[in-house]
$ cat upload.json   # JSON, C-alpha atoms and all ligand atoms
[["chain", "number", "residue", "atom", "x", "y", "z"],
["A", 107, "MET", "CA", 2.83, -19.17, 7.92],
["A", 108, "LEU", "CA", 3.25, -15.43, 7.63],
["A", 109, "ALA", "CA", 3.14, -14.11, 4.12],
["A", 110, "MET", "CA", 4.64, -10.72, 4.92],
["A", 111, "ASN", "CA", 7.33, -11.09, 2.31],
["A", 112, "ALA", "CA", 7.83, -7.51, 1.21],
["A", 113, "PRO", "CA", 11.51, -7.02, 0.39],
["A", 114, "LEU", "CA", 13.18, -4.82, 2.98],
["A", 115, "ASP", "CA", 14.39, -2.30, 0.40],
["A", 116, "TYR", "CA", 10.99, -1.91, -1.20],
["A", 117, "PHE", "CA", 10.86, 1.82, -0.57],
["A", 118, "LEU", "CA", 14.25, 2.35, -2.24],
["A", 119, "HIS", "CA", 12.90, 1.60, -5.69],
["A", 120, "ALA", "CA", 10.48, 3.46, -7.94],
["A", 121, "ASP", "CA", 8.71, 1.77, -10.83],
["A", 122, "GLY", "CA", 6.35, 4.38, -12.18],
["A", 123, "SER", "CA", 6.06, 8.05, -12.99],
["A", 124, "ALA", "CA", 4.15, 8.81, -9.78],
["A", 125, "SER", "CA", 7.02, 7.57, -7.63],
["A", 126, "LYS", "CA", 10.25, 8.22, -9.57],
["A", 127, "PRO", "CA", 10.40, 12.00, -8.94],
["A", 128, "VAL", "CA", 9.87, 11.32, -5.21],
["A", 129, "LEU", "CA", 12.72, 8.82, -5.06],
["A", 130, "THR", "CA", 15.06, 11.28, -6.79],
["A", 131, "LEU", "CA", 13.97, 13.94, -4.28],
["A", 132, "ASP", "CA", 14.71, 11.49, -1.45],
["A", 133, "TRP", "CA", 18.27, 10.90, -2.65],
["A", 134, "VAL", "CA", 18.98, 14.58, -3.29],
["A", 135, "PHE", "CA", 17.72, 15.54, 0.18],
["A", 136, "ALA", "CA", 19.56, 12.64, 1.82],
["A", 137, "SER", "CA", 22.79, 13.67, 0.04],
["A", 138, "ILE", "CA", 22.43, 17.30, 1.17],
["A", 139, "VAL", "CA", 21.76, 16.27, 4.77],
["A", 140, "VAL", "CA", 24.74, 13.88, 4.80],
["A", 141, "ALA", "CA", 26.97, 16.53, 3.21],
["A", 142, "VAL", "CA", 25.94, 19.08, 5.87],
["A", 143, "CYS", "CA", 26.73, 16.57, 8.65],
["A", 144, "ILE", "CA", 30.15, 15.83, 7.13],
["A", 145, "ILE", "CA", 31.01, 19.53, 6.66],
["A", 146, "VAL", "CA", 29.97, 20.40, 10.24],
["A", 147, "GLY", "CA", 31.93, 17.41, 11.57],
["A", 148, "VAL", "CA", 35.09, 18.34, 9.65],
["A", 149, "LEU", "CA", 34.89, 21.99, 10.77],
["A", 150, "LEU", "CA", 34.39, 20.90, 14.36],
["A", 151, "VAL", "CA", 37.44, 18.63, 14.26],
["A", 152, "MET", "CA", 39.49, 21.40, 12.60],
["A", 153, "ALA", "CA", 38.46, 23.86, 15.31],
["A", 154, "LEU", "CA", 39.29, 21.43, 18.10],
["A", 155, "PHE", "CA", 42.78, 20.65, 16.81],
["A", 156, "ARG", "CA", 43.73, 23.99, 15.35],
["A", 157, "GLN", "CA", 47.08, 25.10, 16.64],
["A", 158, "ARG", "CA", 47.50, 28.78, 17.26],
["A", 159, "ALA", "CA", 50.70, 30.55, 18.18],
["A", 160, "PRO", "CA", 50.17, 31.81, 21.76],
["A", 161, "GLU", "CA", 51.17, 35.43, 20.98],
["A", 162, "THR", "CA", 48.75, 35.78, 18.04],
["A", 163, "VAL", "CA", 45.61, 37.61, 19.01],
["A", 164, "LEU", "CA", 42.76, 37.66, 16.50],
["A", 165, "PRO", "CA", 41.25, 41.09, 15.89],
["A", 166, "ARG", "CA", 37.90, 41.18, 17.72],
["A", 167, "GLU", "CA", 35.73, 42.06, 14.71],
["A", 168, "ASP", "CA", 37.13, 39.08, 12.77],
["A", 169, "ASP", "CA", 36.52, 36.52, 15.48],
["A", 170, "GLY", "CA", 34.48, 33.93, 13.58],
["A", 171, "LEU", "CA", 32.01, 36.47, 12.24],
["A", 172, "SER", "CA", 32.80, 35.70, 8.59],
["A", 173, "TRP", "CA", 32.05, 32.01, 9.26],
["A", 174, "ILE", "CA", 28.65, 32.91, 10.68],
["A", 175, "VAL", "CA", 27.84, 34.97, 7.57],
["A", 176, "VAL", "CA", 29.01, 32.18, 5.25],
["A", 177, "GLY", "CA", 27.10, 29.51, 7.21],
["A", 178, "THR", "CA", 23.86, 31.53, 7.37],
["A", 179, "THR", "CA", 23.97, 32.44, 3.69],
["A", 180, "LEU", "CA", 24.64, 28.84, 2.63],
["A", 181, "SER", "CA", 21.84, 27.54, 4.88],
["A", 182, "VAL", "CA", 19.32, 30.05, 3.58],
["A", 183, "PHE", "CA", 20.11, 29.22, -0.05],
["A", 184, "ALA", "CA", 20.16, 25.47, 0.59],
["A", 185, "LEU", "CA", 16.81, 25.51, 2.42],
["A", 186, "LEU", "CA", 15.25, 27.81, -0.17],
["A", 187, "GLY", "CA", 16.49, 25.57, -2.99],
["A", 188, "MET", "CA", 15.20, 22.44, -1.26],
["A", 189, "THR", "CA", 11.79, 24.04, -0.68],
["A", 190, "VAL", "CA", 11.43, 25.07, -4.32],
["A", 191, "TYR", "CA", 12.56, 21.60, -5.50],
["A", 192, "MET", "CA", 10.12, 19.89, -3.13],
["A", 193, "LEU", "CA", 7.19, 22.07, -4.27],
["A", 194, "ALA", "CA", 8.09, 21.42, -7.92],
["A", 195, "THR", "CA", 8.15, 17.66, -7.26],
["A", 196, "LEU", "CA", 4.77, 17.81, -5.49],
["A", 197, "GLU", "CA", 3.34, 19.65, -8.48],
["A", 198, "GLN", "CA", 4.89, 17.15, -10.88],
["A", 199, "ILE", "CA", 3.29, 14.12, -9.18],
["A", 200, "SER", "CA", -0.02, 15.80, -8.33],
["A", 201, "LYS", "CA", -1.59, 14.60, -11.56],
["A", 202, "PRO", "CA", -0.62, 12.20, -14.34],
["A", 203, "SER", "CA", 0.53, 13.46, -17.72],
["A", 204, "ARG", "CA", -2.64, 12.11, -19.32],
["A", 205, "ALA", "CA", -6.11, 11.14, -18.14],
["A", 206, "PRO", "CA", -6.19, 7.89, -16.13],
["A", 207, "ALA", "CA", -7.22, 4.89, -18.19],
["A", 208, "LEU", "CA", -9.08, 3.28, -15.34],
["A", 209, "THR", "CA", -10.67, 4.22, -12.02],
["A", 210, "ILE", "CA", -10.63, 1.78, -9.11],
["A", 211, "ASN", "CA", -12.54, 2.39, -5.90],
["A", 212, "VAL", "CA", -10.59, 1.29, -2.87],
["A", 213, "THR", "CA", -12.25, 1.31, 0.54],
["A", 214, "ALA", "CA", -10.12, 0.88, 3.65],
["A", 215, "ARG", "CA", -11.75, -1.13, 6.39],
["A", 216, "GLN", "CA", -10.59, -2.55, 9.69],
["A", 217, "TRP", "CA", -8.46, -4.44, 8.59],
["A", 218, "TRP", "CA", -8.60, -5.12, 4.88],
["A", 219, "TRP", "CA", -8.98, -3.35, 1.57],
["A", 220, "GLN", "CA", -12.13, -3.56, -0.54],
["A", 221, "VAL", "CA", -11.34, -3.09, -4.23],
["A", 222, "GLU", "CA", -14.15, -2.28, -6.67],
["A", 223, "TYR", "CA", -14.00, -2.12, -10.45],
["A", 224, "GLY", "CA", -16.81, -0.16, -12.06],
["A", 225, "ALA", "CA", -18.27, -0.60, -15.53],
["A", 226, "ASP", "CA", -21.09, 0.90, -17.56],
["A", 227, "ASP", "CA", -22.70, -2.53, -17.70],
["A", 228, "PRO", "CA", -23.76, -3.43, -14.12],
["A", 229, "ALA", "CA", -23.09, -7.10, -14.90],
["A", 230, "LYS", "CA", -19.42, -6.24, -15.42],
["A", 231, "ARG", "CA", -18.94, -4.56, -12.03],
["A", 232, "PHE", "CA", -17.22, -6.55, -9.34],
["A", 233, "SER", "CA", -15.58, -6.30, -5.97],
["A", 234, "THR", "CA", -12.48, -8.07, -4.70],
["A", 235, "ALA", "CA", -10.17, -7.72, -1.73],
["A", 236, "ASN", "CA", -6.55, -6.91, -0.91],
["A", 237, "GLU", "CA", -5.37, -7.34, -4.48],
["A", 238, "ILE", "CA", -5.44, -4.53, -7.03],
["A", 239, "HIS", "CA", -4.81, -5.52, -10.62],
["A", 240, "ILE", "CA", -3.73, -2.79, -13.02],
["A", 241, "PRO", "CA", -2.52, -2.69, -16.62],
["A", 242, "THR", "CA", 1.08, -1.50, -17.09],
["A", 243, "GLY", "CA", 2.03, 1.76, -18.76],
["A", 244, "GLU", "CA", -1.20, 3.56, -17.90],
["A", 245, "PRO", "CA", -1.99, 5.98, -15.10],
["A", 246, "ILE", "CA", -4.68, 4.48, -12.88],
["A", 247, "LEU", "CA", -6.87, 6.54, -10.57],
["A", 248, "ILE", "CA", -7.44, 5.14, -7.09],
["A", 249, "VAL", "CA", -10.48, 6.66, -5.38],
["A", 250, "LEU", "CA", -10.02, 6.19, -1.65],
["A", 251, "ASN", "CA", -12.61, 5.97, 1.08],
["A", 252, "SER", "CA", -12.82, 4.53, 4.57],
["A", 253, "THR", "CA", -15.76, 3.02, 6.43],
["A", 254, "ASP", "CA", -14.41, 3.33, 9.96],
["A", 255, "VAL", "CA", -11.19, 5.12, 10.95],
["A", 256, "ILE", "CA", -8.37, 6.88, 9.11],
["A", 257, "HIS", "CA", -6.09, 4.52, 7.15],
["A", 258, "THR", "CA", -3.33, 5.35, 4.69],
["A", 259, "PHE", "CA", -2.86, 3.76, 1.29],
["A", 260, "TRP", "CA", 0.78, 3.30, 0.32],
["A", 261, "VAL", "CA", 2.43, 1.36, -2.49],
["A", 262, "PRO", "CA", 6.01, 2.61, -2.02],
["A", 263, "ARG", "CA", 7.29, 1.60, -5.43],
["A", 264, "LEU", "CA", 4.36, 3.20, -7.26],
["A", 265, "ALA", "CA", 3.30, 6.34, -5.37],
["A", 266, "GLY", "CA", 3.38, 8.33, -2.18],
["A", 267, "LYS", "CA", 1.01, 7.90, 0.76],
["A", 268, "THR", "CA", -2.62, 9.02, 0.67],
["A", 269, "GLN", "CA", -5.02, 8.92, 3.60],
["A", 270, "ALA", "CA", -8.36, 7.15, 3.46],
["A", 271, "ILE", "CA", -10.66, 9.20, 5.68],
["A", 272, "PRO", "CA", -14.26, 8.37, 6.66],
["A", 273, "GLY", "CA", -16.68, 10.78, 5.00],
["A", 274, "LEU", "CA", -14.06, 12.17, 2.63],
["A", 275, "THR", "CA", -13.00, 10.95, -0.80],
["A", 276, "ASN", "CA", -9.30, 11.18, -1.61],
["A", 277, "ARG", "CA", -7.61, 10.44, -4.89],
["A", 278, "GLN", "CA", -4.21, 8.98, -5.72],
["A", 279, "TRP", "CA", -2.94, 7.92, -9.10],
["A", 280, "ILE", "CA", -0.50, 5.09, -9.61],
["A", 281, "GLU", "CA", 1.32, 3.77, -12.64],
["A", 282, "ALA", "CA", 3.58, 0.75, -13.11],
["A", 283, "ASP", "CA", 6.09, 0.67, -15.96],
["A", 284, "GLN", "CA", 6.66, -3.09, -15.84],
["A", 285, "PRO", "CA", 4.56, -6.13, -14.96],
["A", 286, "GLY", "CA", 5.19, -7.19, -11.39],
["A", 287, "ILE", "CA", 3.82, -7.43, -7.90],
["A", 288, "TYR", "CA", 4.08, -4.31, -5.80],
["A", 289, "TRP", "CA", 3.60, -4.51, -2.07],
["A", 290, "GLY", "CA", 1.19, -2.11, -0.41],
["A", 291, "GLN", "CA", 0.57, -1.45, 3.23],
["A", 292, "CYS", "CA", -1.65, 0.66, 5.46],
["A", 293, "THR", "CA", 0.73, 3.18, 7.00],
["A", 294, "GLU", "CA", -1.43, 4.95, 9.51],
["A", 295, "TYR", "CA", -2.13, 3.33, 12.85],
["A", 296, "CYS", "CA", -5.76, 2.22, 12.60],
["A", 297, "GLY", "CA", -6.21, -0.22, 15.44],
["A", 298, "VAL", "CA", -4.82, -3.45, 16.78],
["A", 299, "GLN", "CA", -4.38, -5.15, 13.37],
["A", 300, "HIS", "CA", -2.88, -2.17, 11.55],
["A", 301, "ALA", "CA", 0.24, -4.22, 10.76],
["A", 302, "HIS", "CA", -1.90, -6.89, 9.09],
["A", 303, "MET", "CA", -3.52, -4.57, 6.61],
["A", 304, "ALA", "CA", -1.38, -5.26, 3.56],
["A", 305, "PHE", "CA", -2.32, -5.61, -0.08],
["A", 306, "LYS", "CA", -0.75, -6.30, -3.41],
["A", 307, "VAL", "CA", -0.81, -4.38, -6.64],
["A", 308, "VAL", "CA", -0.50, -6.82, -9.52],
["A", 309, "ALA", "CA", 0.62, -4.98, -12.65],
["A", 310, "GLU", "CA", 0.01, -6.93, -15.84],
["A", 311, "THR", "CA", 0.25, -6.34, -19.57],
["A", 312, "PRO", "CA", -3.00, -4.82, -20.87],
["A", 313, "GLN", "CA", -3.92, -8.19, -22.45],
["A", 314, "ASP", "CA", -3.41, -10.10, -19.18],
["A", 315, "PHE", "CA", -5.27, -7.40, -17.28],
["A", 316, "ASP", "CA", -8.26, -7.57, -19.66],
["A", 317, "ALA", "CA", -8.36, -11.36, -19.29],
["A", 318, "TRP", "CA", -8.24, -11.06, -15.49],
["A", 319, "ARG", "CA", -10.97, -8.43, -15.47],
["A", 320, "GLU", "CA", -13.23, -10.49, -17.69],
["A", 321, "ALA", "CA", -12.78, -13.56, -15.48],
["A", 322, "GLN", "CA", -13.44, -11.56, -12.31],
["A", 323, "ALA", "CA", -16.64, -10.07, -13.71],
["A", 324, "LYS", "CA", -18.12, -13.54, -14.18],
["A", 325, "PRO", "CA", -20.29, -15.03, -11.44],
["A", 326, "ALA", "CA", -18.97, -17.96, -9.45],
["A", 327, "ALA", "CA", -18.99, -21.38, -11.05],
["A", 328, "LEU", "CA", -22.13, -23.23, -10.07],
["A", 329, "ALA", "CA", -21.23, -25.87, -7.49],
["A", 330, "GLU", "CA", -23.81, -27.99, -5.80],
["A", 331, "GLY", "CA", -23.25, -30.02, -2.69],
["A", 332, "GLY", "CA", -23.20, -29.70, 1.07],
["A", 333, "GLY", "CA", -20.47, -27.09, 1.18],
["A", 334, "ARG", "CA", -22.57, -24.51, -0.53],
["A", 335, "SER", "CA", -25.39, -24.81, 1.98],
["A", 336, "VAL", "CA", -22.88, -24.62, 4.86],
["A", 337, "PHE", "CA", -21.62, -21.39, 3.29],
["A", 338, "MET", "CA", -25.14, -20.00, 2.93],
["A", 339, "SER", "CA", -26.01, -20.74, 6.56],
["A", 340, "GLN", "CA", -22.70, -19.73, 8.17],
["A", 341, "CYS", "CA", -20.91, -17.22, 5.92],
["A", 342, "SER", "CA", -23.36, -15.45, 3.61],
["A", 343, "GLY", "CA", -24.33, -12.83, 6.21],
["A", 344, "CYS", "CA", -20.91, -11.23, 5.77],
["A", 345, "HIS", "CA", -19.54, -12.52, 2.47],
["A", 346, "ALA", "CA", -20.92, -12.28, -1.04],
["A", 347, "ILE", "CA", -20.57, -14.80, -3.84],
["A", 348, "ARG", "CA", -21.95, -13.43, -7.09],
["A", 349, "GLY", "CA", -24.26, -15.84, -8.82],
["A", 350, "THR", "CA", -25.61, -17.14, -5.50],
["A", 351, "THR", "CA", -27.89, -15.65, -2.86],
["A", 352, "ALA", "CA", -24.90, -14.84, -0.65],
["A", 353, "ALA", "CA", -24.76, -11.05, -0.67],
["A", 354, "GLY", "CA", -23.10, -10.09, 2.62],
["A", 355, "ALA", "CA", -21.18, -6.85, 2.32],
["A", 356, "TYR", "CA", -19.35, -6.85, 5.64],
["A", 357, "GLY", "CA", -16.38, -9.01, 4.64],
["A", 358, "PRO", "CA", -14.50, -9.58, 1.39],
["A", 359, "ASP", "CA", -16.40, -10.72, -1.72],
["A", 360, "LEU", "CA", -15.36, -14.35, -2.20],
["A", 361, "THR", "CA", -16.68, -14.96, -5.74],
["A", 362, "HIS", "CA", -13.17, -15.67, -7.08],
["A", 363, "LEU", "CA", -11.42, -16.33, -3.79],
["A", 364, "GLN", "CA", -9.00, -18.85, -5.31],
["A", 365, "SER", "CA", -7.66, -16.28, -7.77],
["A", 366, "ARG", "CA", -6.09, -14.37, -4.88],
["A", 367, "GLN", "CA", -2.61, -15.11, -3.60],
["A", 368, "LEU", "CA", -3.12, -14.10, 0.02],
["A", 369, "ILE", "CA", -5.89, -14.15, 2.59],
["A", 370, "ALA", "CA", -6.66, -12.03, 5.65],
["A", 371, "ALA", "CA", -5.08, -8.87, 4.13],
["A", 372, "GLY", "CA", -1.64, -10.33, 3.60],
["A", 373, "LEU", "CA", -1.51, -12.41, 6.76],
["A", 374, "MET", "CA", -1.29, -15.82, 5.07],
["A", 375, "THR", "CA", -0.82, -17.39, 1.68],
["A", 376, "ASN", "CA", -4.05, -18.69, 0.19],
["A", 377, "THR", "CA", -3.75, -22.45, 0.70],
["A", 378, "GLN", "CA", -6.33, -25.03, 1.76],
["A", 379, "ASP", "CA", -4.62, -25.46, 5.15],
["A", 380, "HIS", "CA", -4.47, -21.74, 5.82],
["A", 381, "LEU", "CA", -8.12, -21.28, 4.83],
["A", 382, "SER", "CA", -9.07, -24.09, 7.19],
["A", 383, "ASP", "CA", -7.04, -22.53, 9.98],
["A", 384, "TRP", "CA", -8.47, -19.09, 9.27],
["A", 385, "ILE", "CA", -12.09, -20.31, 9.44],
["A", 386, "SER", "CA", -11.46, -22.06, 12.77],
["A", 387, "ARG", "CA", -9.49, -19.43, 14.64],
["A", 388, "PRO", "CA", -9.27, -15.98, 13.06],
["A", 389, "GLN", "CA", -9.35, -14.49, 16.57],
["A", 390, "GLU", "CA", -6.05, -16.16, 17.41],
["A", 391, "LEU", "CA", -4.40, -15.48, 14.05],
["A", 392, "LYS", "CA", -5.60, -11.90, 13.74],
["A", 393, "SER", "CA", -6.98, -10.90, 17.10],
["A", 394, "GLY", "CA", -9.75, -8.31, 16.81],
["A", 395, "ALA", "CA", -10.59, -9.11, 13.17],
["A", 396, "ARG", "CA", -14.32, -8.80, 12.51],
["A", 397, "MET", "CA", -14.66, -12.52, 11.76],
["A", 398, "PRO", "CA", -15.51, -14.81, 14.70],
["A", 399, "ASN", "CA", -14.02, -18.27, 15.20],
["A", 400, "PHE", "CA", -16.17, -20.98, 13.58],
["A", 401, "ASP", "CA", -16.26, -24.29, 15.37],
["A", 402, "LEU", "CA", -17.90, -26.38, 12.63],
["A", 403, "PRO", "CA", -18.50, -30.14, 12.69],
["A", 404, "ALA", "CA", -15.71, -31.90, 10.77],
["A", 405, "GLY", "CA", -18.00, -32.95, 7.93],
["A", 406, "ASP", "CA", -19.36, -29.43, 7.43],
["A", 407, "LYS", "CA", -15.87, -27.98, 7.57],
["A", 408, "ALA", "CA", -14.55, -30.36, 4.91],
["A", 409, "ALA", "CA", -17.55, -29.69, 2.68],
["A", 410, "LEU", "CA", -17.17, -25.93, 3.12],
["A", 411, "LEU", "CA", -13.47, -26.10, 2.23],
["A", 412, "SER", "CA", -14.14, -28.08, -0.91],
["A", 413, "TYR", "CA", -16.83, -25.58, -1.88],
["A", 414, "LEU", "CA", -14.37, -22.71, -1.37],
["A", 415, "GLN", "CA", -11.97, -24.51, -3.74],
["A", 416, "THR", "CA", -14.54, -24.16, -6.51],
["A", 417, "LEU", "CA", -14.45, -20.35, -6.27],
["A", 418, "ARG", "CA", -11.88, -19.85, -9.01],
["A", 501, "LIG", "CU1", -5.43, 0.58, 8.30],
["A", 501, "LIG", "CU2", -3.44, 1.02, 9.52]]

$ encode --input "upload.json" --output "structure tokens" --more "lines below"
Ligand code: CUA
Amino acid sequence: MLAMNAPLDYFLHADGSASKPVLTLDWVFASIVVAVCIIVGVLLVMALFRQRAPETVLPREDDGLSWIVVGTTLSVFALLGMTVYMLATLEQISKPSRAPALTINVTARQWWWQVEYGADDPAKRFSTANEIHIPTGEPILIVLNSTDVIHTFWVPRLAGKTQAIPGLTNRQWIEADQPGIYWGQCTEYCGVQHAHMAFKVVAETPQDFDAWREAQAKPAALAEGGGRSVFMSQCSGCHAIRGTTAAGAYGPDLTHLQSRQLIAAGLMTNTQDHLSDWISRPQELKSGARMPNFDLPAGDKAALLSYLQTLR
């Protein structure tokens, strides 16, 4: 059932100009640290097994002092060099080489990510959840906020970590060179479901991205039937569906629910069975989530599920 399918080496790759300098820095630092460990180990072994003729007495002033000078000098230069390199890398990734093509507002909430795309035309603005679509080859500005506690936004293959802090707006830019799906995760403990606060960045060609954005901006397809009224009576207090009277802002906007690959912030794949399970017992699947269990009559449940299938 779990959809936590991030590859285990996902932080050992970099796929954009906000992350590549950091990965190089990682390897350089890791190499220096490993080299220091090896050198110290070799010197220690040499010292332990060094044979000395019993009658030889080392002059006092030469007793290891030159090694201390060499070691201190090397350490000072190595640490100084690493500090300068690290500061240069931080400067390099602090801003993109050109102005971001797009700004996306991401709000961290216990325990999901609200993703909003602005537009000059209010009819083109929309909100989605746990899935950030971006065009490839362009720097994208992520404007980060939080509604409750401190979370941290991290897409390892695209950029470093940035905190989302209540009452403070932080910014992080990301860029993907190639189309692909990049796993993201909250990386600051934010409560009992911190581990289930994942998201995906879907990088697409500019044409595919434009098509996705246009489809998302549209209101939901008009579907009549019992399911819609079940939704309005049971779900609309927390969830919005554009084009209907459902305007709840507490949970994810469900206007195009079926376009998303995962539900419950990465907990499960978005299938009919998982949706059914999620509606019935979110408190068992994701204990502490803000959604209560819904014990609906079988007919209402089936109607609601078929209505949710129309949200494409
Ligand atoms: Cu949000 Cu950890």

$ residues_near_ligand --input "upload.json" --ligand "ligand LIG 501 (chain A)" --cutoff "10 Å" --atoms "all atoms listed in the file" --output "VMD selection string"
chain A and resid 214 to 219 252 254 to 259 269 to 270 291 to 304

$ write_last_selection --input "upload.json" --atoms "C-alpha atoms" --output "short mmCIF file (atom, residue, chain, number, x, y, z; two decimals), in the frame of the given file"
data_model
loop_
_atom_site.label_atom_id
_atom_site.label_comp_id
_atom_site.auth_asym_id
_atom_site.auth_seq_id
_atom_site.Cartn_x
_atom_site.Cartn_y
_atom_site.Cartn_z
CA ALA A 214 -10.12 0.88 3.65
CA ARG A 215 -11.75 -1.13 6.39
CA GLN A 216 -10.59 -2.55 9.69
CA TRP A 217 -8.46 -4.44 8.59
CA TRP A 218 -8.60 -5.12 4.88
CA TRP A 219 -8.98 -3.35 1.57
CA SER A 252 -12.82 4.53 4.57
CA ASP A 254 -14.41 3.33 9.96
CA VAL A 255 -11.19 5.12 10.95
CA ILE A 256 -8.37 6.88 9.11
CA HIS A 257 -6.09 4.52 7.15
CA THR A 258 -3.33 5.35 4.69
CA PHE A 259 -2.86 3.76 1.29
CA GLN A 269 -5.02 8.92 3.60
CA ALA A 270 -8.36 7.15 3.46
CA GLN A 291 0.57 -1.45 3.23
CA CYS A 292 -1.65 0.66 5.46
CA THR A 293 0.73 3.18 7.00
CA GLU A 294 -1.43 4.95 9.51
CA TYR A 295 -2.13 3.33 12.85
CA CYS A 296 -5.76 2.22 12.60
CA GLY A 297 -6.21 -0.22 15.44
CA VAL A 298 -4.82 -3.45 16.78
CA GLN A 299 -4.38 -5.15 13.37
CA HIS A 300 -2.88 -2.17 11.55
CA ALA A 301 0.24 -4.22 10.76
CA HIS A 302 -1.90 -6.89 9.09
CA MET A 303 -3.52 -4.57 6.61
CA ALA A 304 -1.38 -5.26 3.56
#

$ closest_residue --input "upload.json" --among "A:Ile369, A:Met192, A:Val261, A:Ala120" --to "Asp383 of chain A" --atoms "only C-alpha atoms"
A:Ile369

$ atom_distance --input "upload.json" --atom1 "atom CA of Glu222 of chain A" --atom2 "atom CA of Ala346 of chain A"
13.3 Å

$ atom_distance --input "upload.json" --atom1 "atom CA of Val148 of chain A" --atom2 "atom CA of Ala184 of chain A"
18.9 Å

$ closest_residue --input "upload.json" --among "A:Gly372, A:Pro245, A:Gly147, A:Pro127" --to "Pro206 of chain A" --atoms "only C-alpha atoms"
A:Pro245

$ residues_around --input "upload.json" --residues "segment 356-365 of chain A" --least-positions-apart "5" --cutoff "7 Å" --atoms "only C-alpha atoms" --output "ChimeraX atom specification"
/A:220,233-235,322,325-326,344-348,415,417-418

$ write_last_selection --input "upload.json" --atoms "C-alpha atoms" --output "mmCIF file, in the coordinates of the input"
data_model
loop_
_atom_site.group_PDB
_atom_site.id
_atom_site.type_symbol
_atom_site.label_atom_id
_atom_site.label_comp_id
_atom_site.auth_asym_id
_atom_site.auth_seq_id
_atom_site.Cartn_x
_atom_site.Cartn_y
_atom_site.Cartn_z
ATOM 1 C CA GLN A 220 -12.130 -3.560 -0.540
ATOM 2 C CA SER A 233 -15.580 -6.300 -5.970
ATOM 3 C CA THR A 234 -12.480 -8.070 -4.700
ATOM 4 C CA ALA A 235 -10.170 -7.720 -1.730
ATOM 5 C CA GLN A 322 -13.440 -11.560 -12.310
ATOM 6 C CA PRO A 325 -20.290 -15.030 -11.440
ATOM 7 C CA ALA A 326 -18.970 -17.960 -9.450
ATOM 8 C CA CYS A 344 -20.910 -11.230 5.770
ATOM 9 C CA HIS A 345 -19.540 -12.520 2.470
ATOM 10 C CA ALA A 346 -20.920 -12.280 -1.040
ATOM 11 C CA ILE A 347 -20.570 -14.800 -3.840
ATOM 12 C CA ARG A 348 -21.950 -13.430 -7.090
ATOM 13 C CA GLN A 415 -11.970 -24.510 -3.740
ATOM 14 C CA LEU A 417 -14.450 -20.350 -6.270
ATOM 15 C CA ARG A 418 -11.880 -19.850 -9.010
#

$ atom_distance --input "upload.json" --atom1 "atom CA of Ala309 of chain A" --atom2 "atom CA of Gly290 of chain A"
12.6 Å

$ residues_around --input "upload.json" --residues "segment 387-391 of chain A" --least-positions-apart "3" --cutoff "12 Å" --atoms "all atoms listed in the file" --output "NGL selection string"
:A and (107-108 or 298-299 or 302 or 369-374 or 380-384 or 394-402)

$ residues_around --input "upload.json" --residues "Gly332 of chain A" --least-positions-apart "3" --cutoff "12 Å" --atoms "only C-alpha atoms" --output "JSON, numbers by chain"
{"A": [329, 335, 336, 337, 338, 339, 405, 406, 407, 408, 409, 410, 411, 412, 413, 414]}

$ residues_around --input "upload.json" --residues "Thr130 of chain A" --least-positions-apart "6" --cutoff "10 Å" --atoms "only C-alpha atoms" --output "list in words"
His119, Ala120, Ala136 and Thr195 of chain A

$ axis_aligned_box --input "upload.json" --around "segment 281-287 of chain A" --padding-each-side "8 Å" --output "AutoDock Vina command-line options"
--center_x 4.0 --center_y -1.8 --center_z -11.9 --size_x 21.3 --size_y 27.2 --size_z 24.1

$ closest_residue --input "upload.json" --among "A:Val190, A:Trp260, A:Thr275, A:Ser181" --to "Tyr116 of chain A" --atoms "only C-alpha atoms"
A:Trp260

$ residues_near_point --input "upload.json" --point "(-10.4, -1.6, -8.0)" --cutoff "6 Å" --atoms "all atoms listed in the file" --output "number ranges by chain"
A: 210-212, 221-223, 238

$ residues_around --input "upload.json" --residues "Phe315 of chain A" --least-positions-apart "5" --cutoff "10 Å" --atoms "all atoms listed in the file" --output "PDB file with C-alpha atoms, in the coordinates of the input"
ATOM      1  CA  HIS A 239      -4.810  -5.520 -10.620  1.00  0.00           C
ATOM      2  CA  ILE A 240      -3.730  -2.790 -13.020  1.00  0.00           C
ATOM      3  CA  PRO A 241      -2.520  -2.690 -16.620  1.00  0.00           C
ATOM      4  CA  THR A 242       1.080  -1.500 -17.090  1.00  0.00           C
ATOM      5  CA  VAL A 308      -0.500  -6.820  -9.520  1.00  0.00           C
ATOM      6  CA  ALA A 309       0.620  -4.980 -12.650  1.00  0.00           C
ATOM      7  CA  GLU A 310       0.010  -6.930 -15.840  1.00  0.00           C
ATOM      8  CA  GLU A 320     -13.230 -10.490 -17.690  1.00  0.00           C
ATOM      9  CA  ALA A 321     -12.780 -13.560 -15.480  1.00  0.00           C
TER      10      ALA A 321
END
